[in-house]
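Source file start.cif; content: mmCIF, N, CA and C atoms and all ligand atoms.
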data_model
#
loop_
_atom_site.group_PDB
_atom_site.id
_atom_site.type_symbol
_atom_site.label_atom_id
_atom_site.label_comp_id
_atom_site.auth_asym_id
_atom_site.auth_seq_id
_atom_site.Cartn_x
_atom_site.Cartn_y
_atom_site.Cartn_z
ATOM 1 N N MET A 1 -1.211 -32.696 17.788
ATOM 2 C CA MET A 1 -0.753 -33.002 16.428
ATOM 3 C C MET A 1 -0.198 -31.748 15.772
ATOM 4 N N GLU A 2 0.931 -31.898 15.181
ATOM 5 C CA GLU A 2 1.641 -30.729 14.648
ATOM 6 C C GLU A 2 0.872 -30.046 13.511
ATOM 7 N N TYR A 3 0.210 -30.863 12.682
ATOM 8 C CA TYR A 3 -0.475 -30.309 11.511
ATOM 9 C C TYR A 3 -1.606 -29.370 11.923
ATOM 10 N N SER A 4 -2.447 -29.768 12.876
ATOM 11 C CA SER A 4 -3.591 -28.944 13.266
ATOM 12 C C SER A 4 -3.126 -27.693 14.006
ATOM 13 N N TYR A 5 -2.013 -27.804 14.703
ATOM 14 C CA TYR A 5 -1.455 -26.626 15.356
ATOM 15 C C TYR A 5 -1.075 -25.586 14.309
ATOM 16 N N PHE A 6 -0.407 -26.043 13.261
ATOM 17 C CA PHE A 6 -0.003 -25.161 12.165
ATOM 18 C C PHE A 6 -1.233 -24.559 11.489
ATOM 19 N N ASN A 7 -2.259 -25.403 11.271
ATOM 20 C CA ASN A 7 -3.461 -24.988 10.564
ATOM 21 C C ASN A 7 -4.216 -23.880 11.296
ATOM 22 N N ALA A 8 -4.170 -23.874 12.599
ATOM 23 C CA ALA A 8 -4.880 -22.868 13.391
ATOM 24 C C ALA A 8 -4.338 -21.468 13.103
ATOM 25 N N TYR A 9 -3.133 -21.406 12.605
ATOM 26 C CA TYR A 9 -2.534 -20.109 12.335
ATOM 27 C C TYR A 9 -2.537 -19.770 10.843
ATOM 28 N N SER A 10 -3.164 -20.633 10.072
ATOM 29 C CA SER A 10 -3.254 -20.371 8.638
ATOM 30 C C SER A 10 -4.429 -19.446 8.349
ATOM 31 N N PRO A 11 -4.278 -18.497 7.426
ATOM 32 C CA PRO A 11 -5.396 -17.604 7.091
ATOM 33 C C PRO A 11 -6.608 -18.354 6.530
ATOM 34 N N GLN A 12 -6.424 -19.577 6.029
ATOM 35 C CA GLN A 12 -7.529 -20.350 5.480
ATOM 36 C C GLN A 12 -8.413 -20.940 6.582
ATOM 37 N N SER A 13 -7.904 -21.051 7.782
ATOM 38 C CA SER A 13 -8.671 -21.656 8.873
ATOM 39 C C SER A 13 -9.774 -20.709 9.337
ATOM 40 N N PRO A 14 -10.995 -21.227 9.566
ATOM 41 C CA PRO A 14 -12.083 -20.345 10.037
ATOM 42 C C PRO A 14 -11.813 -19.758 11.420
ATOM 43 N N SER A 15 -10.951 -20.401 12.185
ATOM 44 C CA SER A 15 -10.649 -19.880 13.523
ATOM 45 C C SER A 15 -9.553 -18.818 13.497
ATOM 46 N N TYR A 16 -8.975 -18.606 12.314
ATOM 47 C CA TYR A 16 -7.901 -17.612 12.213
ATOM 48 C C TYR A 16 -8.481 -16.208 12.323
ATOM 49 N N LYS A 17 -7.926 -15.437 13.220
ATOM 50 C CA LYS A 17 -8.290 -14.022 13.322
ATOM 51 C C LYS A 17 -7.020 -13.198 13.234
ATOM 52 N N PRO A 18 -6.927 -12.334 12.224
ATOM 53 C CA PRO A 18 -5.724 -11.511 12.151
ATOM 54 C C PRO A 18 -5.682 -10.547 13.335
ATOM 55 N N PRO A 19 -4.495 -10.211 13.785
ATOM 56 C CA PRO A 19 -4.411 -9.245 14.881
ATOM 57 C C PRO A 19 -4.976 -7.899 14.447
ATOM 58 N N LYS A 20 -5.546 -7.176 15.371
ATOM 59 C CA LYS A 20 -6.117 -5.870 15.056
ATOM 60 C C LYS A 20 -5.006 -4.936 14.593
ATOM 61 N N ALA A 21 -5.282 -4.222 13.495
ATOM 62 C CA ALA A 21 -4.271 -3.316 12.955
ATOM 63 C C ALA A 21 -4.727 -1.882 13.169
ATOM 64 N N PRO A 22 -3.793 -1.007 13.443
ATOM 65 C CA PRO A 22 -4.165 0.407 13.599
ATOM 66 C C PRO A 22 -4.607 1.033 12.279
ATOM 67 N N PHE A 23 -4.038 0.568 11.161
ATOM 68 C CA PHE A 23 -4.362 1.124 9.838
ATOM 69 C C PHE A 23 -4.531 -0.021 8.860
ATOM 70 N N TYR A 24 -5.292 0.243 7.808
ATOM 71 C CA TYR A 24 -5.489 -0.761 6.763
ATOM 72 C C TYR A 24 -5.073 -0.201 5.423
ATOM 73 N N CYS A 25 -4.459 -1.042 4.639
ATOM 74 C CA CYS A 25 -3.953 -0.661 3.320
ATOM 75 C C CYS A 25 -5.116 -0.460 2.352
ATOM 76 N N GLU A 26 -5.100 0.654 1.614
ATOM 77 C CA GLU A 26 -6.166 0.969 0.652
ATOM 78 C C GLU A 26 -6.140 0.027 -0.547
ATOM 79 N N ILE A 27 -5.032 -0.602 -0.807
ATOM 80 C CA ILE A 27 -4.911 -1.433 -2.003
ATOM 81 C C ILE A 27 -5.243 -2.892 -1.692
ATOM 82 N N CYS A 28 -4.574 -3.491 -0.725
ATOM 83 C CA CYS A 28 -4.786 -4.921 -0.481
ATOM 84 C C CYS A 28 -5.782 -5.164 0.642
ATOM 85 N N GLY A 29 -6.122 -4.131 1.404
ATOM 86 C CA GLY A 29 -7.108 -4.289 2.464
ATOM 87 C C GLY A 29 -6.563 -4.930 3.733
ATOM 88 N N GLN A 30 -5.305 -5.332 3.718
ATOM 89 C CA GLN A 30 -4.695 -5.947 4.896
ATOM 90 C C GLN A 30 -4.243 -4.870 5.876
ATOM 91 N N GLY A 31 -4.110 -5.260 7.111
ATOM 92 C CA GLY A 31 -3.635 -4.345 8.129
ATOM 93 C C GLY A 31 -2.184 -3.966 7.903
ATOM 94 N N ILE A 32 -1.856 -2.803 8.407
ATOM 95 C CA ILE A 32 -0.466 -2.367 8.397
ATOM 96 C C ILE A 32 0.059 -2.570 9.812
ATOM 97 N N TYR A 33 0.998 -3.463 9.942
ATOM 98 C CA TYR A 33 1.467 -3.876 11.254
ATOM 99 C C TYR A 33 2.862 -3.347 11.523
ATOM 100 N N GLU A 34 3.226 -3.465 12.780
ATOM 101 C CA GLU A 34 4.544 -3.027 13.191
ATOM 102 C C GLU A 34 5.617 -3.675 12.330
ATOM 103 N N GLY A 35 6.514 -2.864 11.838
ATOM 104 C CA GLY A 35 7.581 -3.375 10.987
ATOM 105 C C GLY A 35 7.289 -3.248 9.510
ATOM 106 N N ASP A 36 6.010 -3.036 9.130
ATOM 107 C CA ASP A 36 5.668 -2.836 7.718
ATOM 108 C C ASP A 36 6.073 -1.440 7.282
ATOM 109 N N GLU A 37 6.466 -1.313 6.042
ATOM 110 C CA GLU A 37 6.714 0.008 5.463
ATOM 111 C C GLU A 37 5.439 0.463 4.776
ATOM 112 N N TYR A 38 5.057 1.718 4.963
ATOM 113 C CA TYR A 38 3.820 2.212 4.362
ATOM 114 C C TYR A 38 3.965 3.697 4.068
ATOM 115 N N ILE A 39 3.025 4.194 3.255
ATOM 116 C CA ILE A 39 2.936 5.630 3.033
ATOM 117 C C ILE A 39 1.557 6.083 3.478
ATOM 118 N N GLU A 40 1.425 7.341 3.841
ATOM 119 C CA GLU A 40 0.190 7.872 4.393
ATOM 120 C C GLU A 40 -0.113 9.193 3.726
ATOM 121 N N LYS A 41 -1.395 9.407 3.419
ATOM 122 C CA LYS A 41 -1.803 10.693 2.857
ATOM 123 C C LYS A 41 -3.193 11.006 3.391
ATOM 124 N N GLY A 42 -3.282 11.994 4.273
ATOM 125 C CA GLY A 42 -4.573 12.452 4.782
ATOM 126 C C GLY A 42 -5.456 11.339 5.316
ATOM 127 N N GLY A 43 -4.905 10.432 6.072
ATOM 128 C CA GLY A 43 -5.699 9.365 6.682
ATOM 129 C C GLY A 43 -5.866 8.132 5.817
ATOM 130 N N GLU A 44 -5.254 8.110 4.637
ATOM 131 C CA GLU A 44 -5.242 6.901 3.812
ATOM 132 C C GLU A 44 -3.856 6.276 3.908
ATOM 133 N N TYR A 45 -3.855 4.968 3.976
ATOM 134 C CA TYR A 45 -2.599 4.256 4.181
ATOM 135 C C TYR A 45 -2.418 3.195 3.110
ATOM 136 N N VAL A 46 -1.193 3.044 2.654
ATOM 137 C CA VAL A 46 -0.873 2.054 1.629
ATOM 138 C C VAL A 46 0.479 1.442 1.972
ATOM 139 N N HIS A 47 0.544 0.107 1.947
ATOM 140 C CA HIS A 47 1.838 -0.545 2.105
ATOM 141 C C HIS A 47 2.793 -0.055 1.020
ATOM 142 N N PHE A 48 4.002 0.167 1.391
ATOM 143 C CA PHE A 48 5.002 0.551 0.392
ATOM 144 C C PHE A 48 5.107 -0.520 -0.689
ATOM 145 N N GLU A 49 5.036 -1.780 -0.287
ATOM 146 C CA GLU A 49 5.171 -2.878 -1.254
ATOM 147 C C GLU A 49 3.932 -3.046 -2.137
ATOM 148 N N CYS A 50 2.811 -2.410 -1.784
ATOM 149 C CA CYS A 50 1.580 -2.520 -2.576
ATOM 150 C C CYS A 50 1.488 -1.448 -3.664
ATOM 151 N N ILE A 51 2.378 -0.471 -3.642
ATOM 152 C CA ILE A 51 2.341 0.577 -4.664
ATOM 153 C C ILE A 51 2.550 -0.073 -6.029
ATOM 154 N N PRO A 52 1.556 0.023 -6.929
ATOM 155 C CA PRO A 52 1.663 -0.702 -8.203
ATOM 156 C C PRO A 52 2.761 -0.146 -9.109
ATOM 157 N N ASP A 53 2.829 1.155 -9.213
ATOM 158 C CA ASP A 53 3.876 1.752 -10.042
ATOM 159 C C ASP A 53 3.975 3.239 -9.724
ATOM 160 N N ILE A 54 4.961 3.871 -10.318
ATOM 161 C CA ILE A 54 5.260 5.267 -9.997
ATOM 162 C C ILE A 54 4.133 6.189 -10.465
ATOM 163 N N ILE A 55 3.467 5.861 -11.579
ATOM 164 C CA ILE A 55 2.386 6.704 -12.078
ATOM 165 C C ILE A 55 1.204 6.661 -11.110
ATOM 166 N N TRP A 56 0.876 5.472 -10.607
ATOM 167 C CA TRP A 56 -0.175 5.358 -9.587
ATOM 168 C C TRP A 56 0.191 6.220 -8.380
ATOM 169 N N LEU A 57 1.432 6.131 -7.961
ATOM 170 C CA LEU A 57 1.876 6.856 -6.770
ATOM 171 C C LEU A 57 1.758 8.367 -6.963
ATOM 172 N N LEU A 58 2.198 8.848 -8.120
ATOM 173 C CA LEU A 58 2.120 10.282 -8.382
ATOM 174 C C LEU A 58 0.672 10.755 -8.433
ATOM 175 N N ASN A 59 -0.209 9.974 -9.055
ATOM 176 C CA ASN A 59 -1.626 10.336 -9.099
ATOM 177 C C ASN A 59 -2.226 10.353 -7.693
ATOM 178 N N TRP A 60 -1.877 9.352 -6.899
ATOM 179 C CA TRP A 60 -2.390 9.252 -5.532
ATOM 180 C C TRP A 60 -1.941 10.450 -4.700
ATOM 181 N N LEU A 61 -0.715 10.879 -4.964
ATOM 182 C CA LEU A 61 -0.181 12.021 -4.229
ATOM 183 C C LEU A 61 -0.697 13.346 -4.783
ATOM 184 N N GLY A 62 -1.404 13.293 -5.914
ATOM 185 C CA GLY A 62 -1.998 14.494 -6.488
ATOM 186 C C GLY A 62 -1.098 15.238 -7.446
ATOM 187 N N TYR A 63 -0.036 14.585 -7.901
ATOM 188 C CA TYR A 63 0.848 15.227 -8.876
ATOM 189 C C TYR A 63 0.335 14.959 -10.281
ATOM 190 N N ASP A 64 0.436 15.965 -11.134
ATOM 191 C CA ASP A 64 0.151 15.785 -12.550
ATOM 192 C C ASP A 64 1.447 15.442 -13.256
ATOM 193 N N ILE A 65 1.330 14.582 -14.252
ATOM 194 C CA ILE A 65 2.484 14.326 -15.100
ATOM 195 C C ILE A 65 2.353 15.237 -16.309
ATOM 196 N N LYS A 66 3.246 16.158 -16.408
ATOM 197 C CA LYS A 66 3.164 17.193 -17.441
ATOM 198 C C LYS A 66 4.072 16.837 -18.597
ATOM 199 N N GLU A 67 3.656 17.329 -19.740
ATOM 200 C CA GLU A 67 4.497 17.163 -20.914
ATOM 201 C C GLU A 67 5.136 18.505 -21.224
ATOM 202 N N ALA A 68 6.450 18.516 -21.352
ATOM 203 C CA ALA A 68 7.165 19.768 -21.624
ATOM 204 C C ALA A 68 6.889 20.214 -23.059
ATOM 205 N N LYS A 69 6.333 21.400 -23.167
ATOM 206 C CA LYS A 69 5.961 21.935 -24.485
ATOM 207 C C LYS A 69 6.340 23.412 -24.544
ATOM 208 N N ASP A 70 6.529 23.893 -25.718
ATOM 209 C CA ASP A 70 6.751 25.316 -25.949
ATOM 210 C C ASP A 70 7.930 25.837 -25.126
ATOM 211 N N PHE A 71 8.967 25.023 -25.030
ATOM 212 C CA PHE A 71 10.157 25.462 -24.296
ATOM 213 C C PHE A 71 11.061 26.328 -25.159
ATOM 214 N N GLY A 72 10.695 26.453 -26.441
ATOM 215 C CA GLY A 72 11.525 27.224 -27.377
ATOM 216 C C GLY A 72 11.739 28.648 -26.914
ATOM 217 N N SER A 73 10.726 29.247 -26.257
ATOM 218 C CA SER A 73 10.825 30.641 -25.853
ATOM 219 C C SER A 73 11.789 30.837 -24.681
ATOM 220 N N TYR A 74 12.243 29.725 -24.069
ATOM 221 C CA TYR A 74 13.174 29.854 -22.953
ATOM 222 C C TYR A 74 14.630 29.815 -23.399
ATOM 223 N N ARG A 75 14.794 29.643 -24.724
ATOM 224 C CA ARG A 75 16.176 29.596 -25.223
ATOM 225 C C ARG A 75 16.805 30.978 -25.192
ATOM 226 N N ASP A 76 18.105 31.001 -25.033
ATOM 227 C CA ASP A 76 18.835 32.266 -25.095
ATOM 228 C C ASP A 76 18.889 32.774 -26.526
HETATM 229 ZN ZN ZN A 101 -1.220 -3.516 1.117
#
Render the structure in this file as structure tokens.
Amino acid sequence: MEYSYFNAYSPQSPSYKPPKAPFYCEICGQGIYEGDEYIEKGGEYVHFECIPDIIWLLNWLGYDIKEAKDFGSYRD
């Protein structure tokens, strides 16, 4: 029966087992599989599509977002 065949491959089925992944995404917890785009930092992996926003990304990468202040002294 076509329906049960389809169901066996659905993540909702108890018999469904995802293929083993070499890395797992820190955000969604899903495996990172061949063909997926991802970023890596010191053994942590995140799908490129799971990056919530640029501020999250900069914080994760360890960048501070600075506010430009006291630039008056750099004027000619
Ligand atoms: Zn993910």
Could you list the protein, DNA and RNA residues that have any atom within 6 Å of ligand ZN 101 (chain A), counting only N, CA and C atoms and all ligand atoms, and write them as a compact mmCIF listing (two decimals) with N, CA and C atoms, keeping the file's coordinate frame?
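Wrote pocket_28.txt, looks like this:
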# COMPACT_ATOMS: atom_id res chain seq x y z
N CYS A 25 -4.46 -1.04 4.64
CA CYS A 25 -3.95 -0.66 3.32
C CYS A 25 -5.12 -0.46 2.35
N GLU A 26 -5.10 0.65 1.61
CA GLU A 26 -6.17 0.97 0.65
C GLU A 26 -6.14 0.03 -0.55
N ILE A 27 -5.03 -0.60 -0.81
CA ILE A 27 -4.91 -1.43 -2.00
C ILE A 27 -5.24 -2.89 -1.69
N CYS A 28 -4.57 -3.49 -0.72
CA CYS A 28 -4.79 -4.92 -0.48
C CYS A 28 -5.78 -5.16 0.64
N GLY A 29 -6.12 -4.13 1.40
CA GLY A 29 -7.11 -4.29 2.46
C GLY A 29 -6.56 -4.93 3.73
N GLN A 30 -5.30 -5.33 3.72
CA GLN A 30 -4.70 -5.95 4.90
C GLN A 30 -4.24 -4.87 5.88
N VAL A 46 -1.19 3.04 2.65
CA VAL A 46 -0.87 2.05 1.63
C VAL A 46 0.48 1.44 1.97
N HIS A 47 0.54 0.11 1.95
CA HIS A 47 1.84 -0.55 2.10
C HIS A 47 2.79 -0.06 1.02
N CYS A 50 2.81 -2.41 -1.78
CA CYS A 50 1.58 -2.52 -2.58
C CYS A 50 1.49 -1.45 -3.66
Just need the box for segment 40-52 of chain A, edges along x, y and z, holding every atom the file lists for it with 4 Å tacked onto each side, so centre and edge lengths in Å to one decimal, as lines of an AutoDock Vina configuration file.
center_x = -0.3
center_y = 4.7
center_z = -1.2
size_x = 19.0
size_y = 23.5
size_z = 23.8
Give me the residues within 7 Å of Tyr33 of chain A as a list in words, counting all atoms listed in the file and dropping any in the same chain fewer than 2 places off.
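Returned residues: Ala21, Pro22, Phe23, Gln30, Gly31, Gly35, Asp36 and Glu37 of chain A.
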How many Å separate atom CA of Leu61 of chain A from atom CA of Gly42 of chain A?
10.0 Å
Quick one: pull the distance between atom CA of Lys41 of chain A and atom C of Ile65 of chain A, Å, one decimal.
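Between these atoms lies a distance of 20.1 Å.
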Could you work out how far atom CA of Trp60 of chain A lies from atom N of Glu44 of chain A, giving the answer in Å with one decimal?
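So the answer is 10.6 Å.
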